[in-house]
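Novice: run_29.json is the file, holding JSON, C-alpha atoms:
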```json
[["chain", "number", "residue", "atom", "x", "y", "z"],
["A", 1, "MET", "CA", 95.10, 60.52, 105.00],
["A", 2, "ARG", "CA", 93.19, 63.52, 103.69],
["A", 3, "ALA", "CA", 95.33, 66.56, 103.01],
["A", 4, "ARG", "CA", 93.17, 68.61, 105.38],
["A", 5, "ASP", "CA", 93.99, 66.19, 108.23],
["A", 6, "ASN", "CA", 97.76, 66.16, 107.71],
["A", 7, "PRO", "CA", 99.35, 67.97, 110.69],
["A", 8, "PHE", "CA", 102.03, 69.37, 108.35],
["A", 9, "SER", "CA", 99.62, 70.96, 105.89],
["A", 10, "SER", "CA", 100.78, 74.38, 104.72],
["A", 11, "ASP", "CA", 98.02, 76.29, 106.51],
["A", 12, "ARG", "CA", 99.12, 74.82, 109.85],
["A", 13, "VAL", "CA", 102.80, 75.46, 109.07],
["A", 14, "LEU", "CA", 102.05, 79.06, 108.17],
["A", 15, "ARG", "CA", 100.54, 79.61, 111.63],
["A", 16, "VAL", "CA", 103.93, 78.87, 113.24],
["A", 17, "ARG", "CA", 105.41, 82.20, 114.25],
["A", 18, "PHE", "CA", 109.02, 83.40, 114.40],
["A", 19, "LYS", "CA", 111.11, 82.44, 117.40],
["A", 20, "PRO", "CA", 114.25, 84.52, 117.98],
["A", 21, "LEU", "CA", 117.33, 82.36, 118.44],
["A", 22, "GLY", "CA", 120.19, 83.85, 120.47],
["A", 23, "THR", "CA", 118.38, 87.18, 120.74],
["A", 24, "THR", "CA", 115.13, 88.70, 121.99],
["A", 25, "TRP", "CA", 112.28, 90.71, 120.52],
["A", 26, "ASP", "CA", 113.42, 93.71, 122.57],
["A", 27, "ALA", "CA", 116.91, 93.42, 121.10],
["A", 28, "ILE", "CA", 115.49, 93.10, 117.58],
["A", 29, "PHE", "CA", 113.43, 96.26, 117.99],
["A", 30, "ALA", "CA", 116.31, 98.12, 119.62],
["A", 31, "ARG", "CA", 118.49, 97.26, 116.62],
["A", 32, "LEU", "CA", 115.70, 98.29, 114.25],
["A", 33, "GLY", "CA", 115.54, 101.67, 115.96],
["A", 34, "GLU", "CA", 119.32, 102.07, 115.74],
["A", 35, "LEU", "CA", 119.07, 101.44, 112.01],
["A", 36, "ASP", "CA", 116.32, 104.02, 111.67],
["A", 37, "TYR", "CA", 113.92, 101.27, 110.52],
["A", 38, "ARG", "CA", 115.90, 100.63, 107.33],
["A", 39, "ALA", "CA", 117.23, 97.12, 107.53],
["A", 40, "ALA", "CA", 117.41, 93.69, 105.95],
["A", 41, "ILE", "CA", 116.47, 90.29, 107.34],
["A", 42, "VAL", "CA", 119.07, 88.04, 105.75],
["A", 43, "GLY", "CA", 119.14, 84.27, 105.49],
["A", 44, "PRO", "CA", 118.80, 81.13, 103.39],
["A", 45, "ASP", "CA", 115.52, 79.65, 102.20],
["A", 46, "GLY", "CA", 113.20, 78.24, 104.81],
["A", 47, "THR", "CA", 114.81, 79.92, 107.83],
["A", 48, "GLY", "CA", 112.00, 82.29, 108.78],
["A", 49, "LYS", "CA", 112.73, 85.55, 106.95],
["A", 50, "THR", "CA", 109.17, 86.06, 105.74],
["A", 51, "THR", "CA", 107.75, 84.89, 109.06],
["A", 52, "LEU", "CA", 109.85, 87.44, 110.93],
["A", 53, "LEU", "CA", 108.84, 90.22, 108.54],
["A", 54, "GLU", "CA", 105.18, 89.29, 109.09],
["A", 55, "ASP", "CA", 105.68, 89.23, 112.86],
["A", 56, "LEU", "CA", 107.24, 92.71, 112.84],
["A", 57, "ALA", "CA", 104.12, 94.24, 111.31],
["A", 58, "ARG", "CA", 101.85, 94.28, 114.36],
["A", 59, "PRO", "CA", 104.47, 95.71, 116.78],
["A", 60, "LEU", "CA", 105.23, 98.37, 114.18],
["A", 61, "ASN", "CA", 101.51, 99.17, 113.94],
["A", 62, "ASP", "CA", 101.39, 99.34, 117.76],
["A", 63, "ARG", "CA", 104.21, 101.90, 117.59],
["A", 64, "GLY", "CA", 102.08, 104.08, 115.35],
["A", 65, "PHE", "CA", 103.42, 103.06, 111.94],
["A", 66, "ASN", "CA", 101.35, 102.01, 108.95],
["A", 67, "THR", "CA", 102.87, 99.06, 107.13],
["A", 68, "ARG", "CA", 102.71, 98.51, 103.38],
["A", 69, "TRP", "CA", 103.62, 95.17, 101.84],
["A", 70, "VAL", "CA", 105.32, 94.25, 98.61],
["A", 71, "THR", "CA", 106.01, 90.59, 97.86],
["A", 72, "LEU", "CA", 108.51, 89.51, 95.23],
["A", 73, "ASN", "CA", 109.80, 86.10, 94.20],
["A", 74, "LEU", "CA", 111.47, 84.28, 91.35],
["A", 75, "ALA", "CA", 108.32, 84.50, 89.25],
["A", 76, "LYS", "CA", 107.67, 88.15, 90.08],
["A", 77, "ARG", "CA", 110.98, 89.96, 90.29],
["A", 78, "LYS", "CA", 109.76, 93.53, 89.94],
["A", 79, "PRO", "CA", 106.95, 95.41, 91.69],
["A", 80, "THR", "CA", 103.90, 95.73, 89.47],
["A", 81, "ARG", "CA", 102.23, 99.05, 88.78],
["A", 82, "ASP", "CA", 99.68, 98.22, 91.49],
["A", 83, "ASP", "CA", 102.51, 97.35, 93.91],
["A", 84, "ALA", "CA", 104.16, 100.69, 93.25],
["A", 85, "ARG", "CA", 100.90, 102.58, 93.66],
["A", 86, "HIS", "CA", 100.21, 100.77, 96.92],
["A", 87, "ALA", "CA", 103.74, 101.32, 98.20],
["A", 88, "PHE", "CA", 104.36, 104.93, 97.25],
["A", 89, "HIS", "CA", 100.99, 106.70, 97.12],
["A", 90, "ASP", "CA", 100.89, 109.50, 99.74],
["A", 91, "LEU", "CA", 103.93, 108.06, 101.46],
["A", 92, "THR", "CA", 104.83, 109.71, 104.79],
["A", 93, "LYS", "CA", 107.17, 109.16, 107.70],
["A", 94, "ARG", "CA", 104.37, 107.25, 109.44],
["A", 95, "ASP", "CA", 104.61, 104.54, 106.77],
["A", 96, "ILE", "CA", 107.06, 101.63, 106.74],
["A", 97, "LEU", "CA", 107.51, 99.57, 103.60],
["A", 98, "LEU", "CA", 107.92, 95.82, 104.10],
["A", 99, "VAL", "CA", 109.40, 94.14, 101.04],
["A", 100, "ASP", "CA", 109.61, 90.35, 101.01],
["A", 101, "GLY", "CA", 112.16, 89.10, 98.51],
["A", 102, "ALA", "CA", 113.84, 92.42, 97.74],
["A", 103, "ASP", "CA", 116.92, 90.66, 96.39],
["A", 104, "HIS", "CA", 114.89, 89.38, 93.47],
["A", 105, "MET", "CA", 114.80, 92.90, 92.08],
["A", 106, "PRO", "CA", 117.40, 93.72, 89.40],
["A", 107, "PRO", "CA", 119.96, 96.22, 90.79],
["A", 108, "ARG", "CA", 118.61, 99.23, 88.89],
["A", 109, "GLU", "CA", 115.06, 98.42, 90.02],
["A", 110, "TRP", "CA", 116.24, 98.11, 93.63],
["A", 111, "ARG", "CA", 118.08, 101.46, 93.55],
["A", 112, "SER", "CA", 114.98, 103.17, 92.16],
["A", 113, "PHE", "CA", 112.73, 101.51, 94.75],
["A", 114, "ALA", "CA", 115.03, 102.39, 97.65],
["A", 115, "SER", "CA", 115.28, 105.98, 96.41],
["A", 116, "ARG", "CA", 111.51, 106.37, 96.26],
["A", 117, "ALA", "CA", 111.26, 104.80, 99.72],
["A", 118, "ALA", "CA", 113.29, 107.64, 101.22],
["A", 119, "LYS", "CA", 110.03, 109.44, 101.99],
["A", 120, "ALA", "CA", 108.89, 106.56, 104.20],
["A", 121, "GLY", "CA", 109.56, 106.17, 107.88],
["A", 122, "GLY", "CA", 111.30, 102.90, 107.16],
["A", 123, "LEU", "CA", 112.07, 100.12, 104.71],
["A", 124, "ILE", "CA", 112.48, 96.57, 105.99],
["A", 125, "ILE", "CA", 113.27, 93.82, 103.53],
["A", 126, "THR", "CA", 114.05, 90.14, 103.35],
["A", 127, "SER", "CA", 116.99, 89.00, 101.30],
["A", 128, "HIS", "CA", 119.08, 85.90, 100.74],
["A", 129, "VAL", "CA", 122.20, 88.06, 100.48],
["A", 130, "GLU", "CA", 123.76, 90.95, 102.33],
["A", 131, "GLY", "CA", 124.42, 94.32, 100.82],
["A", 132, "LEU", "CA", 121.01, 95.87, 100.07],
["A", 133, "LEU", "CA", 120.48, 97.36, 103.54],
["A", 134, "PRO", "CA", 122.22, 97.00, 106.93],
["A", 135, "PRO", "CA", 121.39, 93.60, 108.44],
["A", 136, "LEU", "CA", 118.78, 93.55, 111.18],
["A", 137, "LEU", "CA", 119.22, 89.85, 111.79],
["A", 138, "HIS", "CA", 120.61, 86.75, 110.11],
["A", 139, "THR", "CA", 118.01, 84.00, 110.28],
["A", 140, "GLN", "CA", 119.13, 80.54, 111.25],
["A", 141, "THR", "CA", 117.58, 77.28, 112.34],
["A", 142, "THR", "CA", 118.58, 74.34, 114.51],
["A", 143, "PRO", "CA", 117.44, 70.71, 114.92],
["A", 144, "ASP", "CA", 115.98, 71.68, 118.29],
["A", 145, "LEU", "CA", 113.89, 74.43, 116.67],
["A", 146, "LEU", "CA", 112.65, 71.93, 114.10],
["A", 147, "ALA", "CA", 111.79, 69.49, 116.92],
["A", 148, "GLU", "CA", 109.90, 72.21, 118.79],
["A", 149, "ILE", "CA", 107.88, 73.16, 115.70],
["A", 150, "VAL", "CA", 107.11, 69.52, 114.92],
["A", 151, "GLY", "CA", 106.04, 68.88, 118.49],
["A", 152, "HIS", "CA", 103.62, 71.77, 118.22],
["A", 153, "LEU", "CA", 102.23, 70.78, 114.81],
["A", 154, "ALA", "CA", 102.05, 67.05, 115.37],
["A", 155, "PHE", "CA", 100.43, 67.15, 118.81],
["A", 156, "GLY", "CA", 98.30, 64.04, 119.08],
["A", 157, "HIS", "CA", 100.00, 62.39, 116.14],
["A", 158, "LEU", "CA", 103.11, 60.24, 116.01],
["A", 159, "VAL", "CA", 106.25, 62.36, 116.45],
["A", 160, "PRO", "CA", 109.57, 61.33, 114.88],
["A", 161, "PRO", "CA", 112.31, 60.16, 117.28],
["A", 162, "PRO", "CA", 114.76, 62.90, 118.36],
["A", 163, "ALA", "CA", 117.63, 61.49, 116.28],
["A", 164, "MET", "CA", 115.59, 62.03, 113.13],
["A", 165, "PHE", "CA", 115.50, 65.80, 113.61],
["A", 166, "ALA", "CA", 119.26, 66.22, 113.30],
["A", 167, "ASP", "CA", 119.21, 64.12, 110.13],
["A", 168, "LEU", "CA", 116.25, 66.02, 108.66],
["A", 169, "HIS", "CA", 117.81, 69.37, 109.51],
["A", 170, "HIS", "CA", 121.14, 68.36, 107.98],
["A", 171, "ARG", "CA", 119.72, 66.87, 104.77],
["A", 172, "HIS", "CA", 117.68, 69.99, 104.11],
["A", 173, "ALA", "CA", 120.55, 72.34, 105.01],
["A", 174, "GLY", "CA", 118.50, 74.02, 107.68],
["A", 175, "ASN", "CA", 115.56, 74.73, 105.36],
["A", 176, "LEU", "CA", 112.63, 74.07, 107.72],
["A", 177, "ARG", "CA", 110.05, 74.55, 104.99],
["A", 178, "ASP", "CA", 111.52, 71.66, 103.02],
["A", 179, "ALA", "CA", 111.97, 69.56, 106.16],
["A", 180, "LEU", "CA", 108.31, 70.06, 107.06],
["A", 181, "ARG", "CA", 107.27, 69.14, 103.52],
["A", 182, "GLU", "CA", 109.14, 65.86, 103.89],
["A", 183, "LEU", "CA", 107.33, 65.26, 107.16],
["A", 184, "TYR", "CA", 104.05, 65.91, 105.35],
["A", 185, "ASP", "CA", 104.79, 63.01, 103.01],
["A", 186, "ARG", "CA", 106.05, 60.77, 105.81],
["A", 187, "CYS", "CA", 102.95, 61.43, 107.87],
["A", 188, "ALA", "CA", 100.68, 60.63, 104.94],
["A", 189, "ASP", "CA", 102.67, 57.44, 104.23],
["A", 190, "MET", "CA", 102.48, 56.34, 107.87],
["A", 191, "ALA", "CA", 98.74, 56.93, 108.02],
["A", 192, "ASP", "CA", 98.16, 55.02, 104.78],
["A", 193, "GLU", "CA", 100.35, 52.12, 105.92],
["A", 194, "ALA", "CA", 98.59, 51.92, 109.27],
["A", 195, "HIS", "CA", 95.14, 51.92, 107.69],
["A", 196, "PRO", "CA", 95.32, 50.88, 104.05],
["A", 197, "GLY", "CA", 92.14, 51.82, 102.20],
["A", 198, "VAL", "CA", 90.76, 53.59, 105.27],
["A", 199, "ARG", "CA", 90.82, 57.34, 105.88],
["A", 200, "LYS", "CA", 91.29, 58.88, 109.33],
["B", 1, "MET", "CA", 85.47, 91.12, 125.35],
["B", 2, "THR", "CA", 84.69, 90.48, 121.67],
["B", 3, "MET", "CA", 82.34, 87.62, 120.87],
["B", 4, "LEU", "CA", 81.30, 86.37, 117.47],
["B", 5, "GLU", "CA", 79.07, 83.35, 116.87],
["B", 6, "LEU", "CA", 77.85, 81.61, 113.76],
["B", 7, "ALA", "CA", 75.25, 78.86, 113.59],
["B", 8, "LEU", "CA", 73.85, 77.12, 110.52],
["B", 9, "ASN", "CA", 70.16, 76.22, 110.47],
["B", 10, "ASP", "CA", 69.57, 72.66, 111.67],
["B", 11, "ASN", "CA", 73.37, 72.46, 112.18],
["B", 12, "ARG", "CA", 73.48, 71.46, 108.56],
["B", 13, "THR", "CA", 76.99, 71.31, 107.03],
["B", 14, "GLN", "CA", 76.37, 69.49, 103.73],
["B", 15, "TYR", "CA", 75.02, 71.35, 100.74],
["B", 16, "LEU", "CA", 74.32, 70.82, 97.06],
["B", 17, "PRO", "CA", 75.43, 73.30, 94.39],
["B", 18, "ASN", "CA", 73.14, 76.33, 94.04],
["B", 19, "GLU", "CA", 71.38, 75.67, 97.33],
["B", 20, "VAL", "CA", 71.00, 78.39, 99.97],
["B", 21, "ILE", "CA", 73.06, 78.29, 103.17],
["B", 22, "SER", "CA", 71.30, 79.99, 106.05],
["B", 23, "GLY", "CA", 71.71, 80.57, 109.74],
["B", 24, "LEU", "CA", 72.29, 83.09, 112.51],
["B", 25, "ALA", "CA", 75.21, 85.46, 113.07],
["B", 26, "SER", "CA", 75.65, 87.00, 116.53],
["B", 27, "TRP", "CA", 78.21, 89.36, 117.91],
["B", 28, "ASN", "CA", 79.10, 91.46, 120.93],
["B", 29, "LEU", "CA", 81.93, 93.81, 120.06],
["B", 30, "GLY", "CA", 82.00, 96.20, 122.99],
["B", 31, "THR", "CA", 81.75, 99.17, 120.65],
["B", 32, "ALA", "CA", 80.12, 99.35, 117.24],
["B", 33, "ARG", "CA", 82.35, 98.62, 114.25],
["B", 34, "PRO", "CA", 81.81, 100.27, 110.88],
["B", 35, "VAL", "CA", 81.74, 96.94, 109.05],
["B", 36, "VAL", "CA", 80.50, 93.55, 110.15],
["B", 37, "GLU", "CA", 80.12, 91.16, 107.25],
["B", 38, "LEU", "CA", 79.70, 87.59, 106.14],
["B", 39, "ARG", "CA", 82.14, 86.07, 103.69],
["B", 40, "LEU", "CA", 81.53, 82.98, 101.65],
["B", 41, "SER", "CA", 84.87, 81.53, 100.61],
["B", 42, "TRP", "CA", 86.89, 78.44, 99.86],
["B", 43, "TYR", "CA", 90.53, 77.66, 100.45],
["B", 44, "THR", "CA", 92.94, 74.84, 99.80],
["B", 45, "ARG", "CA", 94.80, 72.98, 102.47],
["B", 46, "GLY", "CA", 97.63, 70.53, 101.98],
["B", 47, "LYS", "CA", 101.25, 70.32, 100.95],
["B", 48, "GLY", "CA", 101.58, 73.25, 98.58],
["B", 49, "THR", "CA", 100.85, 76.95, 98.67],
["B", 50, "GLN", "CA", 97.44, 77.77, 100.04],
["B", 51, "ASP", "CA", 94.91, 79.22, 97.60],
["B", 52, "THR", "CA", 91.84, 81.08, 98.74],
["B", 53, "ARG", "CA", 88.93, 82.78, 97.02],
["B", 54, "VAL", "CA", 86.20, 84.88, 98.53],
["B", 55, "GLU", "CA", 83.09, 84.17, 96.48],
["B", 56, "ARG", "CA", 80.84, 86.68, 98.18],
["B", 57, "LYS", "CA", 80.99, 89.40, 100.85],
["B", 58, "VAL", "CA", 77.75, 90.52, 102.45],
["B", 59, "PRO", "CA", 78.01, 93.45, 104.89],
["B", 60, "PHE", "CA", 75.27, 93.78, 107.50],
["B", 61, "ASP", "CA", 73.42, 97.11, 107.36],
["B", 62, "ASP", "CA", 73.99, 99.39, 110.37],
["B", 63, "PRO", "CA", 75.60, 96.77, 112.62],
["B", 64, "ARG", "CA", 75.17, 97.53, 116.31],
["B", 65, "ALA", "CA", 77.82, 96.73, 118.87],
["B", 66, "ARG", "CA", 75.69, 93.79, 120.03],
["B", 67, "ASP", "CA", 73.43, 92.18, 117.50],
["B", 68, "THR", "CA", 71.98, 89.00, 116.05],
["B", 69, "ARG", "CA", 71.11, 88.69, 112.37],
["B", 70, "GLU", "CA", 69.73, 85.97, 110.16],
["B", 71, "PHE", "CA", 71.50, 85.30, 106.90],
["B", 72, "ARG", "CA", 70.76, 83.49, 103.65],
["B", 73, "LEU", "CA", 73.51, 83.08, 101.09],
["B", 74, "PRO", "CA", 73.00, 81.45, 97.69],
["B", 75, "LEU", "CA", 75.75, 78.97, 96.98],
["B", 76, "PRO", "CA", 77.53, 78.74, 93.62],
["B", 77, "ASP", "CA", 77.68, 75.62, 91.51],
["B", 78, "GLY", "CA", 81.30, 74.96, 92.44],
["B", 79, "PRO", "CA", 84.08, 74.20, 93.01],
["B", 80, "TYR", "CA", 83.22, 71.02, 94.89],
["B", 81, "SER", "CA", 84.68, 70.16, 98.28],
["B", 82, "PHE", "CA", 87.28, 67.43, 97.83],
["B", 83, "SER", "CA", 90.24, 65.80, 99.51],
["B", 84, "GLY", "CA", 93.23, 63.95, 98.18],
["B", 85, "ARG", "CA", 96.61, 63.15, 99.63],
["B", 86, "LEU", "CA", 98.16, 66.46, 98.55],
["B", 87, "ILE", "CA", 95.28, 68.91, 98.61],
["B", 88, "SER", "CA", 91.85, 69.48, 100.09],
["B", 89, "LEU", "CA", 89.40, 72.18, 99.06],
["B", 90, "VAL", "CA", 87.36, 73.49, 101.97],
["B", 91, "TRP", "CA", 84.34, 75.81, 101.93],
["B", 92, "GLN", "CA", 83.56, 78.14, 104.80],
["B", 93, "VAL", "CA", 81.28, 80.90, 105.99],
["B", 94, "GLU", "CA", 83.07, 83.59, 107.98],
["B", 95, "LEU", "CA", 81.66, 86.29, 110.24],
["B", 96, "VAL", "CA", 84.17, 89.13, 110.12],
["B", 97, "ALA", "CA", 84.41, 92.25, 112.28],
["B", 98, "GLY", "CA", 87.73, 93.97, 111.66],
["B", 99, "THR", "CA", 90.44, 91.49, 112.61],
["B", 100, "ASP", "CA", 88.04, 89.26, 114.54],
["B", 101, "LYS", "CA", 86.53, 86.25, 112.78],
["B", 102, "GLN", "CA", 84.36, 83.23, 113.42],
["B", 103, "THR", "CA", 84.22, 80.45, 110.88],
["B", 104, "ILE", "CA", 82.07, 77.44, 110.05],
["B", 105, "GLU", "CA", 83.20, 74.94, 107.42],
["B", 106, "PHE", "CA", 80.77, 73.08, 105.21],
["B", 107, "THR", "CA", 80.87, 70.79, 102.19],
["B", 108, "LEU", "CA", 79.53, 71.57, 98.72],
["B", 109, "SER", "CA", 79.15, 68.82, 96.14],
["B", 110, "PRO", "CA", 76.52, 67.01, 94.06],
["B", 111, "THR", "CA", 76.09, 64.55, 96.97],
["B", 112, "GLY", "CA", 76.65, 67.03, 99.78],
["B", 113, "GLN", "CA", 79.62, 65.00, 100.92],
["B", 114, "GLU", "CA", 83.29, 65.72, 100.37],
["B", 115, "ILE", "CA", 84.61, 64.05, 97.21],
["B", 116, "LEU", "CA", 87.51, 61.73, 97.97],
["B", 117, "LEU", "CA", 90.22, 61.45, 95.35],
["B", 118, "ALA", "CA", 91.94, 58.17, 94.49],
["B", 119, "GLY", "CA", 93.95, 56.66, 97.33],
["B", 120, "ILE", "CA", 91.79, 58.13, 100.05],
["B", 121, "GLY", "CA", 89.50, 55.40, 101.38],
["B", 122, "PRO", "CA", 86.16, 55.51, 103.22],
["B", 123, "VAL", "CA", 85.86, 56.91, 106.73],
["B", 124, "LYS", "CA", 86.60, 54.46, 109.54]]
```
Could I get this structure in the form of structure tokens?

Specialist:
Amino acid sequence: MRARDNPFSSDRVLRVRFKPLGTTWDAIFARLGELDYRAAIVGPDGTGKTTLLEDLARPLNDRGFNTRWVTLNLAKRKPTRDDARHAFHDLTKRDILLVDGADHMPPREWRSFASRAAKAGGLIITSHVEGLLPPLLHTQTTPDLLAEIVGHLAFGHLVPPPAMFADLHHRHAGNLRDALRELYDRCADMADEAHPGVRK
Amino acid sequence: MTMLELALNDNRTQYLPNEVISGLASWNLGTARPVVELRLSWYTRGKGTQDTRVERKVPFDDPRARDTREFRLPLPDGPYSFSGRLISLVWQVELVAGTDKQTIEFTLSPTGQEILLAGIGPVK
């Protein structure tokens, strides 16, 4: 199976949007307002923190805010000079900073960043841990959510039996990104076994 | 209602390095937008993080709200379109007006066809 044909390719997975579990978009935005748009999306890897942050951007734009992104990770733990210029140049109350991976910043760096962000209309971050900002929402996943996402991605292809979703979800500790990567390999294996030496 | 259309001449979707890709771009945007442009780019698709590179951006001069323009874009000598089990590299031409896009994919290689990596067999 060609990578481009695999229903679990990363570009298809990235098009899956956030689905609130046990809450609603109205409740999320009400909470965001209560927190004066300074809040953290908290949760383990692969549970939708980045997806939720992305999906907040357009509604924030619709409410008249400009959003400015900073992305951090294990390989890039501090904002670069360009990041800082992008984030803080001419910052006003109409701007909201969205920082993905804020907990990667060393404590001193975070305090400095948060202090400079005081001029903004808001600061919304993702983090694996609590404590940086008041929590907006704790992300979580379920086997049913995984099944729903797989059903959407794998439409027209073979879908795993329902019992497999609970096992997948458990083995990957709720990390849907890793679960979907396993399904990528399984799908490729199944296609190759069904048609050895032939590409679909 | 916004409408964007792209069509390649002769519906051709296979190209050799350094050839010219040409066609027609049409749009009806309701109101004129400051920038309507063509982008020549490639991206990866597969298991890992997606990479993308815009090789060329060509804005149309004075785009009207409703318009049709011919385009001719010289293609680079690579990278080649390919597919393996873990990654595919895909070329595309995009017509972009703000957040609205229309895309056509094509292949670029010394044979015009997508290069298949080991383990990926011929088309059935």

Novice: Within 9 Å of Ala87 in chain A, counting all atoms listed in the file, which residues show up once you throw out same-chain ones fewer than 3 positions away? Write them as a list of chain:residue names, please.

Specialist: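 Final neighbour list, sorted by chain and number: A:Arg68, A:Trp69, A:Val70, A:Asp82, A:Asp83, A:Ala84, A:Asp90, A:Leu91, A:Leu97, A:Ala117.
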
Novice: By how many Å are CA of Val42 in chain A and CA of Pro134 in chain A apart?

Specialist: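 Computed distance, CA of Val42 in chain A to CA of Pro134 in chain A, equals 9.6 Å.
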
Novice: Just how far from CA of Arg4 in chain A is CA of Ala188 in chain A, in Å to one decimal?

Specialist: 11.0 Å

Novice: At most 10 Å from (106.9, 96.2, 112.4), file frame, all atoms listed in the file: which residues, as a PyMOL selection string?

Specialist: chain A and resi 29+32+37+52-67+96-98+122+124

Novice: Pick out the chain A residues within 12 Å of chain B. Count all atoms listed in the file. Give them as a VMD selection string.

Specialist: chain A and resid 1 to 14 58 177 to 189 191 to 193 195 to 200

Novice: For the residues in the current selection, export C-alpha atoms as a compact mmCIF listing (two decimals), in the frame of the given file.

Specialist:
```txt
# COMPACT_ATOMS: atom_id res chain seq x y z
CA MET A 1 95.10 60.52 105.00
CA ARG A 2 93.19 63.52 103.69
CA ALA A 3 95.33 66.56 103.01
CA ARG A 4 93.17 68.61 105.38
CA ASP A 5 93.99 66.19 108.23
CA ASN A 6 97.76 66.16 107.71
CA PRO A 7 99.35 67.97 110.69
CA PHE A 8 102.03 69.37 108.35
CA SER A 9 99.62 70.96 105.89
CA SER A 10 100.78 74.38 104.72
CA ASP A 11 98.02 76.29 106.51
CA ARG A 12 99.12 74.82 109.85
CA VAL A 13 102.80 75.46 109.07
CA LEU A 14 102.05 79.06 108.17
CA ARG A 58 101.85 94.28 114.36
CA ARG A 177 110.05 74.55 104.99
CA ASP A 178 111.52 71.66 103.02
CA ALA A 179 111.97 69.56 106.16
CA LEU A 180 108.31 70.06 107.06
CA ARG A 181 107.27 69.14 103.52
CA GLU A 182 109.14 65.86 103.89
CA LEU A 183 107.33 65.26 107.16
CA TYR A 184 104.05 65.91 105.35
CA ASP A 185 104.79 63.01 103.01
CA ARG A 186 106.05 60.77 105.81
CA CYS A 187 102.95 61.43 107.87
CA ALA A 188 100.68 60.63 104.94
CA ASP A 189 102.67 57.44 104.23
CA ALA A 191 98.74 56.93 108.02
CA ASP A 192 98.16 55.02 104.78
CA GLU A 193 100.35 52.12 105.92
CA HIS A 195 95.14 51.92 107.69
CA PRO A 196 95.32 50.88 104.05
CA GLY A 197 92.14 51.82 102.20
CA VAL A 198 90.76 53.59 105.27
CA ARG A 199 90.82 57.34 105.88
CA LYS A 200 91.29 58.88 109.33
```

Novice: Could the residues of range 53-96 of chain B that have an atom at most 8 Å from range 24-37 of chain B be listed as a tab-separated table, each with its closest atom pair and the distance in Å to one decimal, counting only C-alpha atoms and ordered by chain and ascending residue number?

Specialist:
```
residue	atom	partner	partner_atom	distance
B:Lys57	CA	B:Glu37	CA	6.7
B:Val58	CA	B:Glu37	CA	5.4
B:Pro59	CA	B:Glu37	CA	3.9
B:Phe60	CA	B:Glu37	CA	5.5
B:Asp62	CA	B:Pro34	CA	7.9
B:Pro63	CA	B:Val36	CA	6.4
B:Arg64	CA	B:Ala32	CA	5.4
B:Ala65	CA	B:Ala32	CA	3.8
B:Arg66	CA	B:Asn28	CA	4.2
B:Asp67	CA	B:Trp27	CA	5.6
B:Thr68	CA	B:Ser26	CA	4.2
B:Arg69	CA	B:Ala25	CA	5.3
B:Glu70	CA	B:Leu24	CA	4.5
B:Phe71	CA	B:Leu24	CA	6.1
B:Leu95	CA	B:Glu37	CA	5.9
B:Val96	CA	B:Glu37	CA	5.4
```

Novice: For range 62-110 of chain B against range 5-14 of chain B, with a cut-off of 12 Å and counting only C-alpha atoms, what is the closest atom pair and its distance in Å to one decimal for every residue that makes the cut, ordered by chain and number, as JSON lines?

Specialist:
```
{"residue": "B:Arg66", "atom": "CA", "partner": "B:Glu5", "partner_atom": "CA", "distance": 11.4}
{"residue": "B:Asp67", "atom": "CA", "partner": "B:Glu5", "partner_atom": "CA", "distance": 10.5}
{"residue": "B:Thr68", "atom": "CA", "partner": "B:Glu5", "partner_atom": "CA", "distance": 9.1}
{"residue": "B:Arg69", "atom": "CA", "partner": "B:Leu6", "partner_atom": "CA", "distance": 9.9}
{"residue": "B:Glu70", "atom": "CA", "partner": "B:Ala7", "partner_atom": "CA", "distance": 9.6}
{"residue": "B:Phe71", "atom": "CA", "partner": "B:Leu8", "partner_atom": "CA", "distance": 9.2}
{"residue": "B:Arg72", "atom": "CA", "partner": "B:Leu8", "partner_atom": "CA", "distance": 9.9}
{"residue": "B:Leu73", "atom": "CA", "partner": "B:Leu8", "partner_atom": "CA", "distance": 11.2}
{"residue": "B:Leu75", "atom": "CA", "partner": "B:Gln14", "partner_atom": "CA", "distance": 11.7}
{"residue": "B:Tyr80", "atom": "CA", "partner": "B:Gln14", "partner_atom": "CA", "distance": 11.3}
{"residue": "B:Ser81", "atom": "CA", "partner": "B:Gln14", "partner_atom": "CA", "distance": 10.0}
{"residue": "B:Val90", "atom": "CA", "partner": "B:Thr13", "partner_atom": "CA", "distance": 11.7}
{"residue": "B:Trp91", "atom": "CA", "partner": "B:Thr13", "partner_atom": "CA", "distance": 10.0}
{"residue": "B:Gln92", "atom": "CA", "partner": "B:Thr13", "partner_atom": "CA", "distance": 9.7}
{"residue": "B:Val93", "atom": "CA", "partner": "B:Leu6", "partner_atom": "CA", "distance": 8.5}
{"residue": "B:Glu94", "atom": "CA", "partner": "B:Leu6", "partner_atom": "CA", "distance": 8.0}
{"residue": "B:Leu95", "atom": "CA", "partner": "B:Leu6", "partner_atom": "CA", "distance": 7.0}
{"residue": "B:Val96", "atom": "CA", "partner": "B:Glu5", "partner_atom": "CA", "distance": 10.2}
{"residue": "B:Ala97", "atom": "CA", "partner": "B:Glu5", "partner_atom": "CA", "distance": 11.3}
{"residue": "B:Asp100", "atom": "CA", "partner": "B:Glu5", "partner_atom": "CA", "distance": 11.0}
{"residue": "B:Lys101", "atom": "CA", "partner": "B:Glu5", "partner_atom": "CA", "distance": 9.0}
{"residue": "B:Gln102", "atom": "CA", "partner": "B:Glu5", "partner_atom": "CA", "distance": 6.3}
{"residue": "B:Thr103", "atom": "CA", "partner": "B:Leu6", "partner_atom": "CA", "distance": 7.1}
{"residue": "B:Ile104", "atom": "CA", "partner": "B:Leu6", "partner_atom": "CA", "distance": 7.0}
{"residue": "B:Glu105", "atom": "CA", "partner": "B:Thr13", "partner_atom": "CA", "distance": 7.2}
{"residue": "B:Phe106", "atom": "CA", "partner": "B:Thr13", "partner_atom": "CA", "distance": 4.6}
{"residue": "B:Thr107", "atom": "CA", "partner": "B:Gln14", "partner_atom": "CA", "distance": 4.9}
{"residue": "B:Leu108", "atom": "CA", "partner": "B:Gln14", "partner_atom": "CA", "distance": 6.3}
{"residue": "B:Ser109", "atom": "CA", "partner": "B:Gln14", "partner_atom": "CA", "distance": 8.1}
{"residue": "B:Pro110", "atom": "CA", "partner": "B:Gln14", "partner_atom": "CA", "distance": 10.0}
```
